[in-house]
Every structure is written in C-alpha cells, then in structure tokens.
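Visitor: Hey, dropping run.cif in here, mmCIF, C-alpha atoms:
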```
data_model
#
loop_
_atom_site.label_atom_id
_atom_site.label_comp_id
_atom_site.auth_asym_id
_atom_site.auth_seq_id
_atom_site.Cartn_x
_atom_site.Cartn_y
_atom_site.Cartn_z
CA MET A 1 0.00 0.00 0.00
CA PRO A 2 1.36 3.45 -0.88
CA ALA A 3 1.97 5.85 1.97
CA ILE A 4 -0.90 8.23 2.79
CA PHE A 5 -0.54 11.89 3.69
CA THR A 6 -2.27 11.91 7.06
CA PRO A 7 -3.68 14.96 8.88
CA GLU A 8 -0.81 14.74 11.39
CA MET A 9 1.74 15.17 8.58
CA LYS A 10 0.58 18.75 8.03
CA GLU A 11 2.59 19.61 11.16
CA THR A 12 5.71 17.66 10.28
CA HIS A 13 6.10 17.33 6.51
CA THR A 14 7.43 19.55 3.73
CA ILE A 15 5.45 19.12 0.51
CA LEU A 16 7.58 19.33 -2.63
CA VAL A 17 5.96 20.79 -5.74
CA PRO A 18 7.41 20.62 -9.29
CA ASP A 19 7.75 24.10 -10.77
CA MET A 20 5.89 24.44 -14.08
CA LEU A 21 4.98 28.13 -14.00
CA PRO A 22 7.24 30.08 -11.62
CA VAL A 23 4.89 33.08 -11.22
CA HIS A 24 1.67 31.12 -10.83
CA PHE A 25 3.00 28.28 -8.69
CA GLN A 26 4.60 30.60 -6.14
CA LEU A 27 1.18 32.17 -5.62
CA LEU A 28 -0.48 28.76 -5.39
CA ILE A 29 1.80 27.41 -2.66
CA SER A 30 1.53 30.66 -0.69
CA ILE A 31 -2.25 30.14 -0.62
CA LEU A 32 -1.78 26.73 1.00
CA LYS A 33 0.37 27.99 3.89
CA PRO A 34 -2.46 29.41 6.05
CA TYR A 35 -4.24 26.06 5.69
CA GLY A 36 -1.32 24.31 7.39
CA TYR A 37 0.52 23.00 4.32
CA HIS A 38 4.24 23.78 4.12
CA CYS A 39 5.12 23.63 0.42
CA GLU A 40 8.35 24.23 -1.46
CA LEU A 41 8.86 24.67 -5.21
CA LEU A 42 11.54 22.53 -6.81
CA ARG A 43 13.62 24.71 -9.12
CA THR A 44 16.42 22.24 -9.83
CA ALA A 45 17.31 22.12 -13.52
CA SER A 46 20.56 20.14 -13.62
CA ARG A 47 21.33 17.11 -15.77
CA ALA A 48 20.90 15.04 -12.58
CA VAL A 49 17.13 15.59 -12.89
CA VAL A 50 17.08 14.02 -16.36
CA ASP A 51 19.37 11.18 -15.25
CA GLU A 52 17.12 10.35 -12.30
CA GLY A 53 14.13 10.41 -14.60
CA LEU A 54 15.79 7.96 -16.98
CA LYS A 55 16.62 5.66 -14.06
CA ASN A 56 13.07 5.56 -12.78
CA VAL A 57 10.84 6.02 -15.84
CA HIS A 58 10.92 4.14 -19.13
CA ASN A 59 12.18 6.50 -21.85
CA ASP A 60 9.12 5.72 -23.97
CA THR A 61 7.08 7.57 -21.35
CA CYS A 62 6.52 11.21 -22.23
CA TYR A 63 9.18 13.73 -21.31
CA PRO A 64 7.16 15.72 -18.72
CA ALA A 65 6.66 12.57 -16.62
CA LEU A 66 10.36 11.81 -16.82
CA LEU A 67 11.29 15.33 -15.71
CA VAL A 68 8.76 15.65 -12.89
CA ILE A 69 9.60 12.25 -11.44
CA GLY A 70 13.32 12.87 -11.98
CA GLN A 71 13.04 16.20 -10.14
CA PHE A 72 11.31 14.51 -7.21
CA MET A 73 13.82 11.65 -7.00
CA GLU A 74 16.80 14.00 -7.30
CA ALA A 75 15.44 16.06 -4.41
CA LEU A 76 14.86 13.03 -2.18
CA LYS A 77 18.37 11.69 -2.86
CA SER A 78 20.11 15.06 -2.52
CA GLY A 79 20.16 15.20 1.25
CA ARG A 80 18.32 18.53 1.22
CA TYR A 81 15.17 16.87 2.57
CA ASP A 82 14.40 14.24 5.18
CA PRO A 83 12.42 11.50 3.38
CA ASP A 84 10.65 10.70 6.65
CA ARG A 85 9.29 14.25 6.73
CA THR A 86 8.66 14.87 3.04
CA ALA A 87 5.60 14.49 0.82
CA LEU A 88 5.20 15.04 -2.92
CA LEU A 89 2.40 16.86 -4.71
CA ILE A 90 1.55 16.16 -8.34
CA THR A 91 -1.33 17.29 -10.56
CA GLN A 92 -3.74 15.01 -12.41
CA THR A 93 -6.07 16.17 -15.16
CA GLY A 94 -8.17 13.02 -15.18
CA GLY A 95 -8.16 12.98 -18.98
CA GLY A 96 -7.10 10.32 -21.44
CA CYS A 97 -3.56 11.67 -21.80
CA ARG A 98 -0.71 9.79 -20.14
CA ALA A 99 -0.40 12.76 -17.75
CA SER A 100 -3.06 11.19 -15.54
CA ASN A 101 -0.74 8.19 -15.03
CA TYR A 102 2.23 10.17 -13.74
CA ILE A 103 1.15 9.60 -10.16
CA HIS A 104 1.26 5.81 -10.58
CA LEU A 105 4.70 5.97 -12.21
CA LEU A 106 5.91 8.15 -9.34
CA ARG A 107 4.62 5.75 -6.72
CA LYS A 108 6.29 2.86 -8.50
CA ALA A 109 9.59 4.75 -8.45
CA LEU A 110 9.18 5.46 -4.72
CA GLU A 111 8.13 1.92 -3.81
CA GLN A 112 11.64 0.47 -3.65
CA GLN A 113 13.60 3.51 -2.51
CA PHE A 114 11.33 5.79 -0.47
CA PRO A 115 8.17 3.83 0.46
CA GLN A 116 7.51 6.17 3.40
CA VAL A 117 7.05 9.23 1.16
CA PRO A 118 3.35 9.96 0.47
CA VAL A 119 2.15 11.34 -2.86
CA ILE A 120 -0.67 13.91 -2.94
CA SER A 121 -2.86 14.28 -6.02
CA LEU A 122 -3.95 17.81 -6.89
CA ASN A 123 -6.95 17.43 -9.17
CA PHE A 124 -10.47 18.70 -9.71
CA SER A 125 -11.84 15.43 -11.12
CA GLY A 126 -12.56 13.57 -7.89
CA LEU A 127 -9.50 11.32 -8.24
CA GLU A 128 -7.59 9.90 -5.27
CA GLN A 129 -10.37 10.59 -2.77
CA ASP A 130 -9.49 9.01 0.58
CA PRO A 131 -11.22 9.90 3.87
CA ARG A 132 -7.96 9.18 5.72
CA SER A 133 -6.05 11.81 3.78
CA GLY A 134 -4.82 15.02 5.37
CA TRP A 135 -5.02 16.75 1.99
CA GLN A 136 -8.37 18.30 1.23
CA MET A 137 -9.23 20.52 -1.74
CA THR A 138 -11.81 22.77 -0.11
CA ALA A 139 -14.06 25.26 -1.90
CA GLY A 140 -12.07 28.09 -0.31
CA ILE A 141 -8.75 26.80 -1.62
CA PHE A 142 -10.22 26.18 -5.06
CA LEU A 143 -11.57 29.73 -5.28
CA LYS A 144 -8.23 31.22 -4.27
CA PHE A 145 -6.43 28.98 -6.76
CA LEU A 146 -8.68 30.30 -9.51
CA TYR A 147 -7.89 33.89 -8.62
CA ALA A 148 -4.18 33.02 -8.41
CA VAL A 149 -4.34 31.75 -12.00
CA LEU A 150 -5.98 35.02 -13.07
CA TYR A 151 -3.37 37.18 -11.34
CA GLY A 152 -0.54 34.94 -12.49
CA ASP A 153 -1.75 35.18 -16.09
CA LEU A 154 -1.90 38.97 -15.91
CA LEU A 155 1.59 39.22 -14.44
CA MET A 156 2.93 36.87 -17.11
CA LEU A 157 1.16 38.85 -19.83
CA VAL A 158 2.43 42.31 -18.86
CA SER A 159 5.94 41.21 -17.93
CA ASN A 160 6.38 39.49 -21.31
CA GLN A 161 5.29 42.70 -23.03
CA CYS A 162 7.70 44.80 -20.95
CA ARG A 163 10.85 42.70 -20.49
CA PRO A 164 12.09 42.78 -24.13
CA TYR A 165 11.82 46.58 -24.26
CA GLU A 166 12.89 47.77 -20.80
CA LEU A 167 15.52 50.52 -20.76
CA ASN A 168 16.79 49.45 -17.35
CA PRO A 169 17.56 45.70 -17.46
CA GLY A 170 16.02 43.80 -14.57
CA GLU A 171 13.33 46.36 -13.78
CA THR A 172 10.50 44.14 -15.04
CA ASP A 173 11.64 41.16 -12.98
CA ALA A 174 12.05 43.34 -9.87
CA LEU A 175 8.49 44.64 -10.27
CA LEU A 176 7.24 41.11 -10.93
CA GLU A 177 8.78 39.93 -7.66
CA LYS A 178 7.26 42.90 -5.82
CA TRP A 179 3.79 42.06 -7.13
CA GLN A 180 4.16 38.38 -6.30
CA LYS A 181 4.83 39.29 -2.68
CA ARG A 182 2.00 41.83 -2.69
CA LEU A 183 -0.46 39.24 -3.99
CA GLU A 184 0.69 36.66 -1.46
CA GLY A 185 -0.37 39.15 1.18
CA ALA A 186 -3.65 39.82 -0.63
CA PHE A 187 -4.56 36.13 -0.35
CA ASP A 188 -4.08 36.27 3.42
CA SER A 189 -7.06 38.64 3.52
CA ARG A 190 -10.01 39.20 1.20
CA GLU A 191 -8.15 41.81 -0.82
CA TYR A 192 -7.64 39.34 -3.67
CA LEU A 193 -11.36 39.62 -4.45
CA HIS A 194 -10.95 43.28 -5.46
CA THR A 195 -9.79 42.38 -8.95
CA LYS A 196 -10.78 45.62 -10.64
CA ARG A 197 -8.56 47.71 -8.37
CA LEU A 198 -5.66 45.23 -8.32
CA TYR A 199 -5.72 44.77 -12.11
CA LYS A 200 -5.45 48.53 -12.59
CA GLU A 201 -2.60 48.84 -10.10
CA ILE A 202 -0.68 46.02 -11.83
CA LEU A 203 -1.27 47.53 -15.26
CA ASP A 204 -0.28 51.02 -14.08
CA ASP A 205 2.91 49.79 -12.42
CA PHE A 206 4.13 47.84 -15.44
CA ALA A 207 3.10 50.58 -17.86
CA ALA A 208 5.35 52.98 -15.93
CA ILE A 209 8.48 50.94 -16.74
CA PRO A 210 10.60 52.98 -19.21
CA ARG A 211 10.60 51.08 -22.50
CA THR A 212 11.54 51.40 -26.14
CA ALA A 213 8.97 51.09 -28.92
CA ARG A 214 7.39 47.64 -29.15
CA ASN A 215 8.77 46.57 -32.50
CA LYS A 216 10.57 43.26 -31.96
CA ILE A 217 9.75 39.92 -33.53
CA ARG A 218 6.91 38.35 -31.56
CA VAL A 219 7.08 34.60 -31.11
CA GLY A 220 4.12 32.66 -29.79
CA ILE A 221 4.78 29.53 -27.72
CA VAL A 222 2.10 26.82 -27.78
CA GLY A 223 2.14 23.08 -27.18
CA GLU A 224 1.93 20.49 -24.42
CA ILE A 225 1.20 22.34 -21.19
CA TYR A 226 4.29 21.35 -19.18
CA VAL A 227 6.81 21.78 -21.99
CA LYS A 228 5.18 25.06 -23.07
CA TYR A 229 5.53 26.67 -19.65
CA SER A 230 8.35 24.93 -17.78
CA PRO A 231 11.87 26.38 -18.24
CA LEU A 232 13.26 22.99 -17.21
CA ALA A 233 11.32 21.20 -19.95
CA ASN A 234 11.86 23.68 -22.80
CA ASN A 235 15.50 24.50 -22.00
CA HIS A 236 14.66 28.08 -21.00
CA LEU A 237 13.05 28.85 -24.35
CA GLU A 238 11.77 32.26 -23.21
CA ASP A 239 15.25 33.35 -22.14
CA TYR A 240 16.68 32.20 -25.45
CA LEU A 241 14.07 34.15 -27.43
CA LEU A 242 14.86 37.25 -25.38
CA SER A 243 18.56 36.80 -26.09
CA GLU A 244 17.72 36.66 -29.80
CA GLY A 245 15.87 39.98 -29.61
CA CYS A 246 12.35 38.57 -29.63
CA GLU A 247 9.20 39.09 -27.59
CA PRO A 248 7.77 35.79 -26.27
CA VAL A 249 3.96 35.58 -26.44
CA ILE A 250 2.59 32.86 -24.18
CA PRO A 251 -1.10 31.88 -23.88
CA SER A 252 -2.65 32.06 -20.43
CA LEU A 253 -3.00 29.14 -18.04
CA LEU A 254 -6.68 30.04 -17.65
CA GLU A 255 -7.23 28.94 -21.24
CA PHE A 256 -6.25 25.39 -20.28
CA VAL A 257 -8.45 25.53 -17.16
CA MET A 258 -11.42 26.61 -19.27
CA TYR A 259 -10.60 24.01 -21.92
CA CYS A 260 -10.80 21.28 -19.26
CA ALA A 261 -14.08 22.70 -17.94
CA CYS A 262 -15.81 22.93 -21.30
CA SER A 263 -14.61 19.48 -22.46
CA SER A 264 -17.23 17.79 -20.25
CA MET A 265 -19.94 20.00 -21.73
CA VAL A 266 -18.79 19.21 -25.26
CA ASP A 267 -18.68 15.46 -24.54
CA GLY A 268 -22.20 15.61 -23.13
CA LYS A 269 -23.43 17.31 -26.28
CA LEU A 270 -21.60 14.96 -28.66
CA TYR A 271 -22.57 11.74 -26.86
CA HIS A 272 -26.06 12.86 -25.82
CA PHE A 273 -25.83 12.66 -22.05
CA PHE A 274 -26.35 15.10 -19.21
CA ASP A 275 -25.43 14.37 -15.60
CA LYS A 276 -24.37 16.20 -12.45
CA GLY A 277 -20.78 16.38 -13.65
CA VAL A 278 -21.76 18.08 -16.90
CA ALA A 279 -24.07 20.45 -15.03
CA LYS A 280 -21.36 21.44 -12.53
CA MET A 281 -18.80 21.98 -15.28
CA GLY A 282 -21.29 24.09 -17.21
CA ILE A 283 -21.90 26.35 -14.22
CA GLY A 284 -18.19 26.50 -13.44
CA TYR A 285 -17.31 27.33 -17.03
CA LYS A 286 -19.74 30.24 -17.16
CA ALA A 287 -18.35 31.65 -13.92
CA ILE A 288 -14.72 31.34 -15.04
CA TYR A 289 -15.48 32.80 -18.46
CA ALA A 290 -17.10 35.82 -16.79
CA MET A 291 -13.90 36.29 -14.75
CA GLN A 292 -11.79 36.12 -17.91
CA LYS A 293 -14.04 38.66 -19.65
CA ALA A 294 -13.60 41.04 -16.72
CA GLN A 295 -9.81 40.77 -16.98
CA ILE A 296 -9.84 41.29 -20.75
CA LYS A 297 -12.05 44.36 -20.26
CA ALA A 298 -9.62 45.78 -17.68
CA VAL A 299 -6.63 45.34 -20.03
CA LYS A 300 -8.49 46.85 -22.99
CA GLN A 301 -9.69 49.84 -20.96
CA HIS A 302 -6.18 50.48 -19.71
CA GLY A 303 -5.04 50.60 -23.32
CA VAL A 304 -1.30 49.89 -22.98
CA PHE A 305 -1.03 46.11 -23.24
CA ASP A 306 -2.46 43.48 -25.59
CA PRO A 307 -5.20 41.48 -23.78
CA PRO A 308 -5.35 37.68 -23.61
CA HIS A 309 -7.46 35.77 -26.12
CA ASP A 310 -11.15 35.56 -25.37
CA PHE A 311 -11.89 31.86 -24.80
CA GLU A 312 -15.13 31.83 -26.75
CA HIS A 313 -13.20 33.33 -29.65
CA LEU A 314 -10.70 30.47 -29.32
CA ARG A 315 -13.56 27.98 -29.51
CA ASP A 316 -14.78 29.73 -32.63
CA ARG A 317 -11.29 29.51 -34.17
CA ALA A 318 -11.16 25.81 -33.35
CA ASP A 319 -14.47 25.12 -35.07
CA LYS A 320 -12.99 26.32 -38.36
CA TYR A 321 -10.30 23.66 -38.39
CA ILE A 322 -10.99 20.86 -35.90
CA SER A 323 -13.78 19.38 -33.78
CA GLN A 324 -14.00 20.34 -30.11
CA GLY A 325 -14.50 16.64 -29.51
CA VAL A 326 -10.74 16.23 -30.05
CA SER A 327 -9.84 16.61 -26.40
CA MET A 328 -6.94 14.27 -25.62
CA GLY A 329 -4.07 16.14 -24.03
CA GLU A 330 -4.35 19.81 -25.02
CA GLY A 331 -6.55 18.77 -27.94
CA TRP A 332 -8.17 21.39 -30.11
CA LEU A 333 -6.85 24.18 -27.85
CA ILE A 334 -3.41 24.08 -29.51
CA THR A 335 -4.93 24.42 -32.98
CA ALA A 336 -7.11 27.31 -31.77
CA GLU A 337 -4.18 29.07 -30.09
CA MET A 338 -2.08 28.87 -33.26
CA ALA A 339 -4.94 30.32 -35.30
CA ALA A 340 -5.63 33.09 -32.78
CA LEU A 341 -1.96 34.05 -32.57
CA ALA A 342 -1.60 34.23 -36.34
CA GLU A 343 -4.83 36.19 -36.64
CA SER A 344 -3.77 38.75 -34.01
CA GLY A 345 -0.40 39.45 -35.61
CA THR A 346 1.87 36.96 -33.83
CA GLU A 347 2.64 34.98 -36.96
CA ASN A 348 5.86 33.37 -35.71
CA ILE A 349 4.90 30.36 -33.60
CA ILE A 350 6.87 27.62 -31.87
CA CYS A 351 4.95 24.46 -31.06
CA THR A 352 6.69 22.68 -28.17
CA GLN A 353 5.99 19.00 -27.77
CA PRO A 354 7.39 15.98 -25.94
CA PHE A 355 8.80 13.53 -28.45
CA GLY A 356 6.23 10.82 -29.07
CA CYS A 357 3.28 12.78 -27.67
CA LEU A 358 0.52 11.43 -29.92
CA PRO A 359 -2.10 14.13 -29.22
CA ASN A 360 0.45 16.81 -30.09
CA HIS A 361 1.39 15.13 -33.34
CA ILE A 362 -2.26 15.29 -34.37
CA VAL A 363 -3.52 18.62 -33.01
CA ALA A 364 -0.26 20.57 -33.32
CA LYS A 365 2.15 19.27 -35.94
CA GLY A 366 -0.70 17.69 -37.88
CA MET A 367 -2.63 20.99 -38.03
CA MET A 368 0.25 23.30 -38.95
CA ARG A 369 -0.38 23.03 -42.68
CA VAL A 370 -4.07 23.88 -42.22
CA ILE A 371 -3.18 27.00 -40.21
CA LYS A 372 -0.55 28.03 -42.77
CA ASN A 373 -3.09 27.67 -45.57
CA ALA A 374 -5.47 29.95 -43.69
CA TYR A 375 -2.75 32.42 -42.71
CA PRO A 376 -0.11 32.41 -45.49
CA ASN A 377 2.29 34.56 -43.45
CA ALA A 378 2.25 32.13 -40.51
CA ASN A 379 5.77 30.95 -39.68
CA ILE A 380 5.32 27.83 -37.52
CA THR A 381 7.88 25.30 -36.39
CA ALA A 382 7.48 22.25 -34.14
CA ILE A 383 10.27 21.42 -31.71
CA ASP A 384 10.53 18.06 -29.94
CA TYR A 385 11.86 17.79 -26.40
CA ASP A 386 13.16 14.59 -24.90
CA PRO A 387 16.30 13.34 -23.06
CA GLY A 388 18.12 12.69 -26.34
CA ALA A 389 17.40 16.04 -27.97
CA THR A 390 20.25 18.50 -27.54
CA ARG A 391 19.72 22.13 -26.63
CA VAL A 392 21.95 23.18 -29.53
CA ASN A 393 19.74 21.34 -32.02
CA GLN A 394 16.59 22.90 -30.56
CA GLU A 395 18.08 26.41 -30.62
CA ASN A 396 19.24 25.90 -34.21
CA ARG A 397 15.66 25.10 -35.19
CA VAL A 398 14.52 28.29 -33.49
CA LYS A 399 17.20 30.26 -35.34
CA LEU A 400 16.03 28.78 -38.62
CA MET A 401 12.49 29.86 -37.84
CA LEU A 402 13.66 33.36 -36.86
CA ALA A 403 15.56 33.66 -40.14
CA ASN A 404 12.16 33.59 -41.85
CA ALA A 405 10.44 35.78 -39.25
CA ARG A 406 9.18 39.26 -39.88
CA LYS A 407 8.89 42.15 -37.44
CA PRO A 408 5.40 43.53 -36.69
CA GLU A 409 5.91 46.64 -38.85
CA GLU A 410 6.88 44.43 -41.81
CA ALA A 411 3.75 42.29 -41.58
#
```
What's the structure tokens form of this structure?

Guide:
Amino acid sequence: MPAIFTPEMKETHTILVPDMLPVHFQLLISILKPYGYHCELLRTASRAVVDEGLKNVHNDTCYPALLVIGQFMEALKSGRYDPDRTALLITQTGGGCRASNYIHLLRKALEQQFPQVPVISLNFSGLEQDPRSGWQMTAGIFLKFLYAVLYGDLLMLVSNQCRPYELNPGETDALLEKWQKRLEGAFDSREYLHTKRLYKEILDDFAAIPRTARNKIRVGIVGEIYVKYSPLANNHLEDYLLSEGCEPVIPSLLEFVMYCACSSMVDGKLYHFFDKGVAKMGIGYKAIYAMQKAQIKAVKQHGVFDPPHDFEHLRDRADKYISQGVSMGEGWLITAEMAALAESGTENIICTQPFGCLPNHIVAKGMMRVIKNAYPNANITAIDYDPGATRVNQENRVKLMLANARKPEEA
C-alpha cells in the first residue's frame, strides 16, 4: 500500500511541488500555507534531474513525466530533505492523456527507494479521494487557486510585453517579484477579491516601466502544457528568445483551465448525455469565463497592453479547423491558439511538444499546414523535447524559424 498523507503530517512534513509556472505556482503554494501545508517549489534544472528520470521512468514515457519524477527523485536523494518528513504533490487532469498516469509511475519509483514518502494528487476530477487523507481541496482553496491563475496570467502577460523593451535591465523582474509578494499578502485577507482595483494597479505599475517602442519579432509559444511553460522542460526557451531579440507571447494558463471545464460539456453534447458532472462543469465554465471577460475588459480599458485571447473566440477559431471533440491532451486548444496568434499578428509560432506525444502530433504538428493555408504569413515550427534532444539542435531550429520571421511593422 502506498503511503498516505495523514492529517498529522501537516505539522511535520514539507510538501515538494514541481515548478511548471514560476509566477503562478509561487502564488499557489503561498495560498496553502495558512491552511497548514508547508510547500516548497523545486527549481532544480541540472542534468541530474534528467538522469534520475531515466533511471526511474521508461524513456518511452513522455518527457514531462520523466522530468517531474526525476526532479522529485533527485530532491529526495540530494540530502536537502528528510524523506521521513517529506511528501510530494503532483497534478492530475483526469483525462485520457498519459499525464493522468504520472502519479502511478511516481509511486512505483518510490516503492523500492522511499516507500515512506506519500504522494498527494492535486486534481479537480474527484480522483484519489481518501477519507484518511490530510489533503483536502476545499471550496475556499479552489476559489483562491482560480484567482491566483488570473493574477498569475496577468503578471505573465504584462511582464512578457515589458521585459524585451525595458531601458533598465532587470526592472521588469524586480516589479514582478514585488507584485508576487503583494499578492501573497492579498490572499491572506479578502483583498484578492478586489480584482478591478488590483488589475489597474498592476497595469499602471508595469506601464510605468521605461521602455523602447514595441517593434521586436513576436514569437508565440504553444504546445503540451508542461513543456510550453516549464523552463526545465523547454531548455529556457523564453530566455533564449529574449537573447535573440524577440518578444515571447505565451497563452494564459486560464485557457487550459477553461478548456478542461468545457470538455465535459462538449462530450455531453456529442454523446447525448447530461449528468451532475456536466451540469457542474457548465456552471463553473460560465463563472470562469465571466472572470476572464472582466480581466480582458480591464486590459483593454487600460489601453497599454495586448489582452489575452477571449476563450469563446478560441472555440470559434477551433471550429474552423478541428472538432472540439478532439480533447486528448491539449486537444483542439493548440490548434485554436495557433490560429488566434496568427490572426492577431503573432505569426511566428513555436509548437513545443514531448517527443512521441501522440495528441500533439495530431492537433499541433498535424494541423500546422491547415493554419498556414489559412494564414499564409504564418511561420510555424514544431520542436521536440526529450532526453536525447540536444539544446543546440533545438536552438538551431529556433534560429532557422527566426531567419524567416518578420517584425510587426513588416507584416
């Protein structure tokens, strides 16, 4: 039997969390602290992480699983943590992608070496429910998580539109850190609910950063969710694009949250069923979409930064090229994001994918030609990430794409 995270462990255990989105995840773990959970983000990015992954996960398993499990095992073997007082937290989508099996692969890796280490599943699909568990996803935590995603998306949006143009290097990152700390405090009270005021303050602060004209090559990053966002997985792709004089354009995490929510509704419509799960997801989707609309409105009214894509518009883009019933992995969302980026002027797009990720080969690489036919100026390249792919090779592919890229004023 795998170890269980008991209520008593809240007092004694450190919970390790793999770092996929540095801005968002720091907010998420700060939310958990007042509830008695002591969490720590794993930021290790050495070759030892990959080596541990290869030791504990078959290399046919997708790259994100290998990295996440490798990062956990490297941490437990490093001596930085006491295995008797450590727990691991991992997300599960509950979908048909192999991502929902990561937790079982992780437990198998722990079984022989660290059987005393419990694994916590963070999911919103009702998986891993155990009355003995000391981990509970309450309505209060869920609501704060949702707001953390909204704030994290806004910070990611404005910082990516400031960092390439700042006159004083490092000013954007310093302001980003300041706002992360400010929001951590906001979640300790009910201040986080005052989105209208906080959105304006964030937008005003970042707009005040001295910048040059926004005229660099914009490069959209889409693909499998972990590889798209995680610097460990994509070999610091954002940093490389910045070093090449580009502006990274990254879709919001909320888009993936809404994609997961509406998938149940779409399945119910396609397969002619309606149950409590579909009803709950429908209500939840409408509420989240209203929150996204409010954020988009705030960005548009401010007038300095480009807003995120409206999710209903993404669904409309998807319907032109692919069925919304294609929902394995990131499914139709990748196709829709590529179309929306090209339509809005970000015609240079990198599609990041774990080598051998079947959904990505269909909805990303397989749909590139369709998007290029619809948007002749679209400059799209797919880059595979796995333990055998070298960073030099990946960066050379990016350079090749950039050689064909055009600046916004040339479009």

Visitor: Got a sec to check which residues sit within 12 Å of (-5.7, 50.1, -13.2), counting only C-alpha atoms, and write them as an MDAnalysis selection string?

Guide: chainID A and resid 194:208 295 297:305

Visitor: May I have the residues within 12 Å of A:Val249 as a VMD selection string, using only C-alpha atoms and disregarding those fewer than 5 positions away in the same chain?

Guide: chain A and resid 153 156 to 164 216 to 222 228 to 229 237 to 238 241 to 242 306 to 309 337 to 338 340 to 342 344 to 350

Visitor: Nearest to A:Leu110: which of A:Met265, A:Leu358, A:Met401, A:Met1 is it, counting all atoms listed in the file?

Guide: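 Nearest candidate to A:Leu110 out of A:Met265, A:Leu358, A:Met401, A:Met1: A:Met1.
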
Visitor: Each residue of stretch 283-308 of chain A with at least one atom at most 9 Å from stretch 135-150 of chain A should appear once, together with its nearest atom pair and the corresponding distance in Å (one decimal); atoms considered: all atoms listed in the file; ordering: chain, then increasing residue number; output as CSV.

Guide:
```
residue,atom,partner,partner_atom,distance
A:Ile288,CA,A:Leu146,CA,8.3
A:Met291,CA,A:Leu150,CA,8.2
A:Gln292,CA,A:Leu150,CA,7.6
A:Gln295,CA,A:Leu150,CA,7.9
```

Visitor: Those residues with C-alpha atoms, as a compact mmCIF listing (two decimals), keeping the file's coordinate frame please?

Guide:
```
# COMPACT_ATOMS: atom_id res chain seq x y z
CA ILE A 288 -14.72 31.34 -15.04
CA MET A 291 -13.90 36.29 -14.75
CA GLN A 292 -11.79 36.12 -17.91
CA GLN A 295 -9.81 40.77 -16.98
```

Visitor: Any idea what's packed within 12 Å of A:Pro64, counting only C-alpha atoms, ignoring anything in its chain fewer than 3 positions away? Could you give it as a ChimeraX atom specification?

Guide: /A:18-20,49-50,53-54,57,59-61,67-71,90-91,97-102,105,224-234,352-357,384-387

Visitor: Selection in question (the file shown): the PyMOL selection byres ((chain A and resi 398) around 10). Which residues does it include, as a list in words?

Guide: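 On the file shown, the PyMOL selection byres ((chain A and resi 398) around 10) covers Leu237, Tyr240, Leu241, Glu244, Ile349, Ile350, Thr381, Ala382, Ile383, Val392, Asn393, Gln394, Glu395, Asn396, Arg397, Lys399, Leu400, Met401, Leu402 and Ala403 of chain A.
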
Visitor: Nearest to A:Glu11: which of A:Ala65, A:Ala45, A:Ala279, A:Ala87 is it, counting all atoms listed in the file?

Guide: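 Distance minimum relative to A:Glu11 lands on A:Ala87.
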
Visitor: Please, what distance in Å, to one decimal, runs between atom CA of A:Tyr165 and atom CA of A:Thr212?

Guide: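 Computed distance, atom CA of A:Tyr165 to atom CA of A:Thr212, equals 5.2 Å.
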
Visitor: For the file shown, report as a PyMOL selection string the outcome of the PyMOL selection byres ((chain A and resi 336) around 12) at residue level.

Guide: chain A and resi 222-223+251+255-256+259+309-324+326+330-335+337-343+363-364+367-368+370-371

Visitor: Using Å and a single decimal, report how far atom CA of A:Ala174 sits from atom CA of A:Tyr35.

Guide: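 Spanning atom CA of A:Tyr35 to atom CA of A:Ala174 is a straight-line distance of 28.4 Å.
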
Visitor: Using all atoms listed in the file, determine which residues lie at most 9 Å from A:Met281, disregarding the query and same-chain residues fewer than 6 positions distant; provide the list as a list in words.

Guide: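 Skipping anything fewer than 6 positions along the chain leaves Cys260, Ala261, Cys262, Ser263, Ser264 and Met265 of chain A.
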